[in-house]
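Here is protein02.txt, consisting of compact mmCIF, C-alpha atoms:
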# COMPACT_ATOMS: atom_id res chain seq x y z
CA MET A 385 197.39 134.76 109.70
CA ALA A 386 195.65 132.84 112.46
CA LEU A 387 198.21 134.09 114.98
CA LEU A 388 197.54 137.66 113.88
CA VAL A 389 193.76 137.26 114.40
CA ILE A 390 194.26 135.64 117.82
CA GLY A 391 196.70 138.38 118.78
CA LEU A 392 194.27 141.14 117.74
CA LEU A 393 191.39 139.52 119.66
CA THR A 394 193.55 139.18 122.76
CA LEU A 395 194.65 142.80 122.48
CA TRP A 396 191.03 143.92 122.06
CA GLU A 397 189.86 141.98 125.14
CA TYR A 398 192.65 143.59 127.14
CA LEU A 399 192.04 147.12 125.86
CA ARG A 400 188.24 147.17 126.10
CA THR A 401 188.40 147.08 129.91
CA TRP A 402 190.01 150.54 129.88
CA SER A 403 187.66 153.44 130.67
CA VAL A 404 188.32 154.97 127.23
CA PHE A 405 186.64 151.95 125.59
CA GLU A 406 183.79 151.73 128.12
CA ARG A 407 181.08 152.23 125.48
CA PHE A 408 182.20 149.00 123.74
CA THR A 409 181.75 146.96 126.92
CA ARG A 410 178.64 144.81 127.05
CA SER A 411 176.80 144.63 130.33
CA ASP A 412 173.46 143.19 131.29
CA THR A 413 170.85 145.59 132.53
CA ALA A 414 167.42 145.12 133.96
CA THR A 415 164.86 147.76 134.79
CA GLN A 416 161.83 147.21 136.94
CA GLN A 417 158.82 149.24 137.91
CA VAL A 418 157.18 147.64 140.93
CA VAL A 419 153.65 148.89 141.56
CA LEU A 420 151.67 148.11 144.70
CA LYS A 421 148.54 146.44 143.41
CA GLU A 422 146.52 145.64 146.52
CA VAL A 423 146.65 145.82 150.32
CA THR A 424 144.70 143.16 152.18
CA THR A 425 143.98 143.05 155.90
CA LEU A 426 144.83 139.65 157.33
CA GLY A 427 143.34 138.15 160.43
CA LYS A 428 144.22 134.51 160.04
CA LEU A 429 146.17 133.06 162.92
CA GLU A 430 148.31 130.22 161.54
CA LEU A 431 148.53 127.50 164.16
CA VAL A 432 149.95 124.41 162.48
CA ARG A 433 151.93 123.53 159.36
CA TYR A 434 152.20 120.02 157.96
CA THR A 435 155.01 119.11 155.56
CA PHE A 436 154.52 116.24 153.12
CA LYS A 437 156.83 114.35 150.80
CA ASP A 438 155.30 112.28 148.02
CA VAL A 439 156.05 110.50 144.77
CA VAL A 440 153.46 111.45 142.17
CA GLU A 441 152.93 109.50 138.99
CA TYR A 442 150.76 111.40 136.52
CA ASN A 443 149.46 109.74 133.35
CA ARG A 444 147.82 111.50 130.42
CA PRO A 445 145.90 109.09 128.19
CA ARG A 446 146.19 109.49 124.42
CA ALA A 447 144.15 107.98 121.63
CA ILE A 448 146.90 107.14 119.15
CA LEU A 449 150.29 107.62 120.80
CA PRO A 450 151.39 105.91 124.00
CA ASN A 451 150.18 107.57 127.18
CA ALA A 452 152.36 110.43 128.42
CA ARG A 453 153.72 109.95 131.93
CA ALA A 454 155.54 112.11 134.47
CA VAL A 455 156.97 111.02 137.81
CA LEU A 456 157.67 113.73 140.39
CA ILE A 457 159.21 113.68 143.83
CA VAL A 458 157.46 116.54 145.59
CA GLN A 459 157.58 118.23 148.94
CA GLY A 460 154.57 120.26 149.94
CA GLU A 461 153.06 121.94 152.93
CA ALA A 462 149.64 122.77 154.30
CA THR A 463 148.76 125.31 156.98
CA GLY A 464 145.86 125.25 159.42
CA CYS A 465 144.55 128.50 160.83
CA ILE A 466 141.68 130.29 162.52
CA ASP A 467 140.34 133.45 160.90
CA LEU A 468 140.02 135.94 163.76
CA THR A 469 138.20 138.43 161.53
CA HIS A 470 135.12 136.22 162.03
CA LEU A 471 135.27 136.74 165.81
CA LEU A 472 132.35 138.98 166.87
CA PRO A 473 131.81 140.83 170.16
CA ALA A 474 128.92 138.42 170.88
CA ASP A 475 131.42 135.54 170.72
CA VAL A 476 133.14 136.76 173.92
CA GLN A 477 131.32 136.48 177.25
CA VAL A 478 132.89 137.90 180.39
CA GLY A 479 131.98 136.65 183.85
CA ASP A 480 133.92 134.70 186.44
CA THR A 481 135.27 132.87 183.43
CA LEU A 482 136.08 134.29 180.00
CA VAL A 483 134.14 132.26 177.43
CA VAL A 484 135.25 132.64 173.80
CA ARG A 485 133.55 131.05 170.83
CA LEU A 486 136.38 130.67 168.30
CA PRO A 487 135.69 130.47 164.55
CA GLN A 488 136.00 127.06 162.96
CA PRO A 489 139.55 126.03 162.03
CA GLU A 490 140.27 126.01 158.32
CA LEU A 491 142.89 124.95 155.86
CA CYS A 492 144.24 128.36 154.94
CA GLY A 493 146.90 127.31 152.47
CA TRP A 494 148.59 124.44 150.72
CA LYS A 495 151.35 124.43 148.16
CA ILE A 496 154.18 122.52 146.56
CA ASN A 497 157.67 123.64 147.52
CA HIS A 498 159.24 123.68 144.05
CA SER A 499 162.77 124.21 145.33
CA GLN A 500 162.51 120.93 147.28
CA SER A 501 160.72 119.02 144.50
CA ARG A 502 162.02 117.58 141.26
CA VAL A 503 160.96 115.80 138.12
CA TYR A 504 162.16 112.22 138.37
CA ASP A 505 161.13 110.97 134.94
CA THR A 506 158.96 111.75 131.93
CA GLU A 507 157.94 109.41 129.13
CA PHE A 508 156.31 110.20 125.81
CA GLY A 509 155.91 113.88 126.70
CA LEU A 510 157.10 114.84 123.23
CA LEU A 511 156.37 118.49 122.48
CA ASP A 512 154.13 119.15 125.48
CA GLU A 513 156.48 117.93 128.22
CA SER A 514 156.34 121.19 130.19
CA GLU A 515 152.54 121.09 130.15
CA LEU A 516 152.65 117.46 131.29
CA VAL A 517 154.91 118.36 134.24
CA SER A 518 152.75 121.38 135.08
CA GLU A 519 149.64 119.19 135.23
CA ALA A 520 151.51 116.69 137.39
CA TYR A 521 152.41 119.48 139.84
CA LYS A 522 148.76 120.59 139.96
CA GLN A 523 147.75 117.02 140.75
CA ALA A 524 150.41 116.86 143.47
CA GLU A 525 149.18 120.12 145.01
CA GLU A 526 145.64 118.77 145.21
CA GLN A 527 147.01 115.60 146.81
CA VAL A 528 148.75 117.73 149.47
CA ARG A 529 145.38 119.36 150.27
CA ARG A 530 143.63 116.01 150.56
CA ALA A 531 146.44 114.51 152.65
CA ALA A 532 146.31 117.45 155.07
CA LEU A 533 142.57 117.08 155.57
CA ASN A 534 142.89 113.31 155.97
CA SER A 535 145.67 113.83 158.54
CA ASP A 536 143.30 115.78 160.83
CA ILE A 537 145.00 119.13 160.36
CA LEU A 538 141.78 120.89 161.44
CA LYS A 539 141.70 118.96 164.72
CA GLN A 540 145.36 119.80 165.33
CA THR A 541 144.62 123.47 164.53
CA ARG A 542 141.87 123.52 167.19
CA GLN A 543 144.18 121.89 169.76
CA ASN A 544 146.98 124.36 169.01
CA ALA A 545 144.55 127.29 169.32
CA ASP A 546 143.69 126.09 172.80
CA ARG A 547 147.34 125.49 173.69
CA ILE A 548 148.55 128.88 172.37
CA LEU A 549 145.66 131.27 173.04
CA ARG A 550 144.51 130.05 176.47
CA PRO A 551 147.65 131.11 178.43
CA VAL A 552 147.75 134.50 176.70
CA LEU A 553 144.08 135.28 177.32
CA GLU A 554 144.22 134.01 180.92
CA LYS A 555 147.19 136.28 181.60
CA VAL A 556 145.49 139.31 180.01
CA ALA A 557 142.03 138.73 181.54
CA GLY A 558 143.23 137.40 184.89
CA LYS A 559 140.46 134.79 184.67
CA PRO A 560 140.13 131.21 183.49
CA VAL A 561 139.35 130.90 179.78
CA VAL A 562 137.01 128.43 178.09
CA PHE A 563 136.88 127.98 174.33
CA ARG A 564 133.77 126.77 172.54
Please lay out the structure from this file as structure tokens.
Amino acid sequence: MALLVIGLLTLWEYLRTWSVFERFTRSDTATQQVVLKEVTTLGKLELVRYTFKDVVEYNRPRAILPNARAVLIVQGEATGCIDLTHLLPADVQVGDTLVVRLPQPELCGWKINHSQSRVYDTEFGLLDESELVSEAYKQAEEQVRRAALNSDILKQTRQNADRILRPVLEKVAGKPVVFR
């Protein structure tokens, strides 16, 4: 009896690939409707990117149970930029020398690279382990922001603006360029 059932299943698997039995074939399908939500004009000139690697230990205190704990090994990045949309005509003075008052450098983005990060360990997460890990990632992202600012990313952004923009503007204007 068992051989008969196995034989029938094998025969069915062989026969259902035929075009006659196509309607019995299971296939995954996905449909999508992508809608453009917003168009934003960008004017931020990214000038430096810092990459960080860190071990984050996040603890969530509890009243009754032991404290929940997550340990992550994260890789993150922060980008320094200058927003050229803040540059006004009054910020450019033309004479024997081209004088440009650049906007202040800013930290235009920071994030955790989840594909390069991983959860090393969790303890006492119980039913809310995913929330615990999510909070640990948020803490790590904030640490990336603080580390970038403490590493003088804004100073490096200003130096890179001078290094990158000066030769271009001198070539275009045919004059020496001074940034303020």
* Asked: Pick the closest to Arg485 in chain A from A:Ala447, A:Ile457, A:Val389, A:Val562: which is it, counting only C-alpha atoms?
  ->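 The closest residue to Arg485 in chain A is A:Val562.
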* Go ahead and compute the interatomic distance for CA of Lys421 in chain A and CA of Glu526 in chain A, in Å to one decimal. =>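 Result for CA of Lys421 in chain A versus CA of Glu526 in chain A: 27.9 Å, one decimal.
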Excluding range 543-559 of chain A and its own-chain neighbours fewer than 2 positions away, which residues fall within 9 Å of it when counting only C-alpha atoms? Please give them as a PDB file with C-alpha atoms, in the coordinates of the input.
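The result, written out as selection-v2.pdb:
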ATOM      1  CA  LEU A 429     146.170 133.060 162.920  1.00  0.00           C
ATOM      2  CA  LEU A 431     148.530 127.500 164.160  1.00  0.00           C
ATOM      3  CA  VAL A 432     149.950 124.410 162.480  1.00  0.00           C
ATOM      4  CA  CYS A 465     144.550 128.500 160.830  1.00  0.00           C
ATOM      5  CA  ILE A 466     141.680 130.290 162.520  1.00  0.00           C
ATOM      6  CA  GLY A 479     131.980 136.650 183.850  1.00  0.00           C
ATOM      7  CA  ASP A 480     133.920 134.700 186.440  1.00  0.00           C
ATOM      8  CA  THR A 481     135.270 132.870 183.430  1.00  0.00           C
ATOM      9  CA  LEU A 482     136.080 134.290 180.000  1.00  0.00           C
ATOM     10  CA  LEU A 486     136.380 130.670 168.300  1.00  0.00           C
ATOM     11  CA  PRO A 489     139.550 126.030 162.030  1.00  0.00           C
ATOM     12  CA  LEU A 538     141.780 120.890 161.440  1.00  0.00           C
ATOM     13  CA  LYS A 539     141.700 118.960 164.720  1.00  0.00           C
ATOM     14  CA  GLN A 540     145.360 119.800 165.330  1.00  0.00           C
ATOM     15  CA  THR A 541     144.620 123.470 164.530  1.00  0.00           C
ATOM     16  CA  VAL A 561     139.350 130.900 179.780  1.00  0.00           C
ATOM     17  CA  VAL A 562     137.010 128.430 178.090  1.00  0.00           C
ATOM     18  CA  PHE A 563     136.880 127.980 174.330  1.00  0.00           C
TER      19      PHE A 563
END
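The list of residues with at least one atom within 12 Å of Ala524 in chain A, based on only C-alpha atoms and without residues fewer than 5 positions apart in the same chain, reads Phe436, Lys437, Asp438, Val439, Val440, Glu441, Tyr442, Ala454, Val455, Leu456, Ile457, Val458, Gln459, Gly460, Glu461, Trp494, Lys495, Ile496, Asn497, His498, Ser501, Arg502, Val503, Val517, Ser518, Glu519, Arg529, Arg530 and Ala531 of chain A.
Minimum atom-to-atom distance to Asn443 in chain A, evaluated using only C-alpha atoms, belongs to A:Leu516 out of A:Thr469, A:Leu491, A:Val476, A:Leu516.
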* To do: Rank A:Asn451, A:Gln500, A:Gln477, A:Gln523 by their smallest atom-to-atom distance to Thr435 in chain A, using all atoms listed in the file, and report the top residue only.
  => A:Gln500
